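A.B. asks: Structure file input-v4.pdb, PDB, C-alpha atoms, is pasted below:
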```pdb
MODEL        1
ATOM      1  CA  MET A   1       8.784 -11.888 -26.112
ATOM      2  CA  ILE A   2       5.160 -11.397 -25.037
ATOM      3  CA  THR A   3       3.270  -8.716 -26.930
ATOM      4  CA  LYS A   4       0.424  -6.926 -25.205
ATOM      5  CA  HIS A   5      -2.316  -5.010 -26.935
ATOM      6  CA  ARG A   6      -2.925  -1.395 -25.975
ATOM      7  CA  ASN A   7      -6.703  -1.809 -25.581
ATOM      8  CA  GLU A   8      -6.716  -4.570 -22.974
ATOM      9  CA  PRO A   9      -9.596  -4.367 -20.478
ATOM     10  CA  GLY A  10      -8.543  -2.997 -17.111
ATOM     11  CA  LYS A  11      -5.470  -1.255 -18.499
ATOM     12  CA  THR A  12      -5.067   2.487 -18.056
ATOM     13  CA  ALA A  13      -4.244   4.486 -21.153
ATOM     14  CA  ARG A  14      -0.695   5.768 -21.081
ATOM     15  CA  SER A  15      -0.668   9.383 -22.157
ATOM     16  CA  GLU A  16       2.228  10.801 -20.121
ATOM     17  CA  ARG A  17       5.891  10.481 -20.997
ATOM     18  CA  LEU A  18       8.983  10.130 -18.778
ATOM     19  CA  GLU A  19      12.598  10.222 -19.881
ATOM     20  CA  ALA A  20      15.786   9.296 -18.063
ATOM     21  CA  ARG A  21      19.445   9.113 -18.950
ATOM     22  CA  VAL A  22      21.111   5.888 -17.842
ATOM     23  CA  SER A  23      24.523   4.353 -18.303
ATOM     24  CA  ARG A  24      25.111   1.679 -20.916
ATOM     25  CA  ALA A  25      25.581  -0.873 -18.110
ATOM     26  CA  GLN A  26      22.234   0.076 -16.568
ATOM     27  CA  LYS A  27      20.438  -0.195 -19.889
ATOM     28  CA  THR A  28      21.998  -3.600 -20.527
ATOM     29  CA  LEU A  29      20.944  -4.730 -17.067
ATOM     30  CA  PHE A  30      17.375  -3.460 -17.542
ATOM     31  CA  LEU A  31      17.079  -5.074 -20.974
ATOM     32  CA  ARG A  32      18.324  -8.412 -19.639
ATOM     33  CA  ALA A  33      15.897  -8.353 -16.707
ATOM     34  CA  ALA A  34      12.980  -7.356 -18.948
ATOM     35  CA  SER A  35      13.826 -10.151 -21.374
ATOM     36  CA  LEU A  36      13.951 -12.725 -18.563
ATOM     37  CA  GLN A  37      10.425 -11.672 -17.549
ATOM     38  CA  GLY A  38       9.177 -11.669 -21.134
ATOM     39  CA  ARG A  39       8.410  -7.950 -21.026
ATOM     40  CA  SER A  40       9.303  -4.983 -23.133
ATOM     41  CA  LEU A  41      11.802  -2.591 -21.616
ATOM     42  CA  THR A  42       9.044  -0.008 -21.164
ATOM     43  CA  ASP A  43       6.714  -2.444 -19.388
ATOM     44  CA  PHE A  44       9.534  -3.652 -17.159
ATOM     45  CA  LEU A  45      10.600  -0.128 -16.199
ATOM     46  CA  VAL A  46       7.067   1.119 -15.573
ATOM     47  CA  ALA A  47       6.214  -1.909 -13.409
ATOM     48  CA  SER A  48       9.487  -1.647 -11.468
ATOM     49  CA  VAL A  49       9.178   2.079 -10.844
ATOM     50  CA  GLN A  50       5.524   1.749  -9.838
ATOM     51  CA  GLU A  51       6.366  -1.013  -7.360
ATOM     52  CA  ALA A  52       9.200   1.076  -5.876
ATOM     53  CA  ALA A  53       6.950   4.155  -5.620
ATOM     54  CA  GLU A  54       4.150   2.231  -3.901
ATOM     55  CA  LYS A  55       6.645   0.696  -1.463
ATOM     56  CA  ALA A  56       8.095   4.131  -0.631
ATOM     57  CA  LEU A  57       4.609   5.576  -0.060
ATOM     58  CA  ARG A  58       3.569   2.641   2.150
ATOM     59  CA  ALA A  59       6.725   3.063   4.250
ATOM     60  CA  HIS A  60       6.064   6.787   4.617
ATOM     61  CA  ASP A  61       2.390   6.272   5.500
ATOM     62  CA  VAL A  62       3.239   3.664   8.138
ATOM     63  CA  LEU A  63       5.779   5.967   9.777
ATOM     64  CA  THR A  64       3.436   8.937   9.663
ATOM     65  CA  LEU A  65       0.475   6.989  10.976
ATOM     66  CA  SER A  66       2.432   5.187  13.667
ATOM     67  CA  GLU A  67       3.526   8.504  15.210
ATOM     68  CA  HIS A  68      -0.024   9.865  15.030
ATOM     69  CA  ASP A  69      -1.518   6.622  16.348
ATOM     70  CA  ARG A  70       1.060   6.418  19.152
ATOM     71  CA  LYS A  71       0.006   9.832  20.434
ATOM     72  CA  ASN A  72      -3.689   8.936  20.269
ATOM     73  CA  PHE A  73      -3.086   5.588  21.982
ATOM     74  CA  VAL A  74      -1.167   7.157  24.867
ATOM     75  CA  ALA A  75      -3.811   9.857  25.244
ATOM     76  CA  ALA A  76      -6.555   7.202  25.377
ATOM     77  CA  LEU A  77      -4.652   5.269  28.044
ATOM     78  CA  LEU A  78      -4.089   8.350  30.162
ATOM     79  CA  GLN A  79      -7.629   9.709  29.747
ATOM     80  CA  PRO A  80      -9.975   6.856  28.826
ATOM     81  CA  ALA A  81     -13.448   7.798  27.654
ATOM     82  CA  ALA A  82     -16.398   6.677  29.751
ATOM     83  CA  PRO A  83     -18.344   3.747  28.266
ATOM     84  CA  GLY A  84     -21.185   4.882  26.036
ATOM     85  CA  LYS A  85     -24.809   3.721  26.221
ATOM     86  CA  ALA A  86     -24.364   0.990  23.575
ATOM     87  CA  LEU A  87     -21.326  -0.464  25.367
ATOM     88  CA  ARG A  88     -23.110  -0.450  28.737
ATOM     89  CA  GLN A  89     -26.107  -2.237  27.167
ATOM     90  CA  ALA A  90     -23.858  -4.815  25.492
ATOM     91  CA  ALA A  91     -22.042  -5.470  28.768
ATOM     92  CA  LYS A  92     -25.362  -5.924  30.570
ATOM     93  CA  ARG A  93     -26.589  -8.409  27.905
ATOM     94  CA  TYR A  94     -23.330 -10.332  28.153
ATOM     95  CA  LYS A  95     -23.512 -10.505  31.964
ATOM     96  CA  ASP A  96     -27.164 -11.585  31.816
ATOM     97  CA  ARG A  97     -26.414 -14.388  29.303
ATOM     98  CA  ALA A  98     -23.283 -15.518  31.115
ATOM     99  CA  GLY A  99     -24.943 -15.427  34.517
ATOM    100  CA  ILE A 100     -22.453 -12.925  35.883
ATOM    101  CA  ASP A 101     -23.540 -10.508  38.580
TER     102      ASP A 101
ENDMDL
END
```
Can the structure from this file be put into structure tokens for me?

C.D. replies:
Amino acid sequence: MITKHRNEPGKTARSERLEARVSRAQKTLFLRAASLQGRSLTDFLVASVQEAAEKALRAHDVLTLSEHDRKNFVAALLQPAAPGKALRQAAKRYKDRAGID
């Protein structure tokens, strides 16, 4: 088993505590998986839960943003903004360089 030191650079100090009741079969499963990865049970559980939490948050953010972005996209298509000064100047430079009238 790999032992990690508490004061490794880049590691966040763990000061909070979580507890959970699990079945004997679950604990056996978790211990086996942790052992296969060369981790302590705590490290395995923390990494697994963190990965699941980040995945859940990403899925939520994508769904939330896609609805918001869809509304903004449709609004922009239906009522496009007029080109600003910088865009008009860039288009003129492009036409001049490309020889387009």

A.B. asks: Taking 3 positions as the minimum chain separation for residues in the same chain, which residues sit within 8 Å of range 23-33 of chain A when counting all atoms listed in the file? Answer as a list of chain:residue names.

C.D. replies: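 Those residues are A:Leu36, A:Gln37, A:Leu41, A:Phe44, A:Leu45.
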
A.B. asks: Using CA of Ala91 in chain A and CA of Lys71 in chain A as the two end points, give the distance in Å to one decimal.

C.D. replies: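 Separating CA of Ala91 in chain A from CA of Lys71 in chain A is a distance of 28.1 Å.
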
A.B. asks: Just the residues within 12 Å of Arg17 in chain A, please, counting only C-alpha atoms, with nothing from its chain fewer than 4 positions along; format it as a ChimeraX atom specification.

C.D. replies: /A:13,42,46

A.B. asks: I'd like the box whose edges run along x, y and z of the file and which contains every listed atom of range 16-33 of chain A, padded by 5 Å per side; could you state its centre and edge lengths in Å, one decimal, as lines of an AutoDock Vina configuration file?

C.D. replies:
```
center_x = 13.9
center_y = 1.2
center_z = -18.8
size_x = 33.4
size_y = 29.2
size_z = 14.4
```

A.B. asks: Work out how far CA of Glu67 in chain A is from CA of Lys55 in chain A, in Å to one decimal.

C.D. replies: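 Taking CA of Lys55 in chain A as the start and CA of Glu67 in chain A as the end point, the length is 18.7 Å.
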
A.B. asks: Just the number, please: distance in Å from CA of Glu19 in chain A to CA of Ala47 in chain A, one decimal.

C.D. replies: 15.2 Å
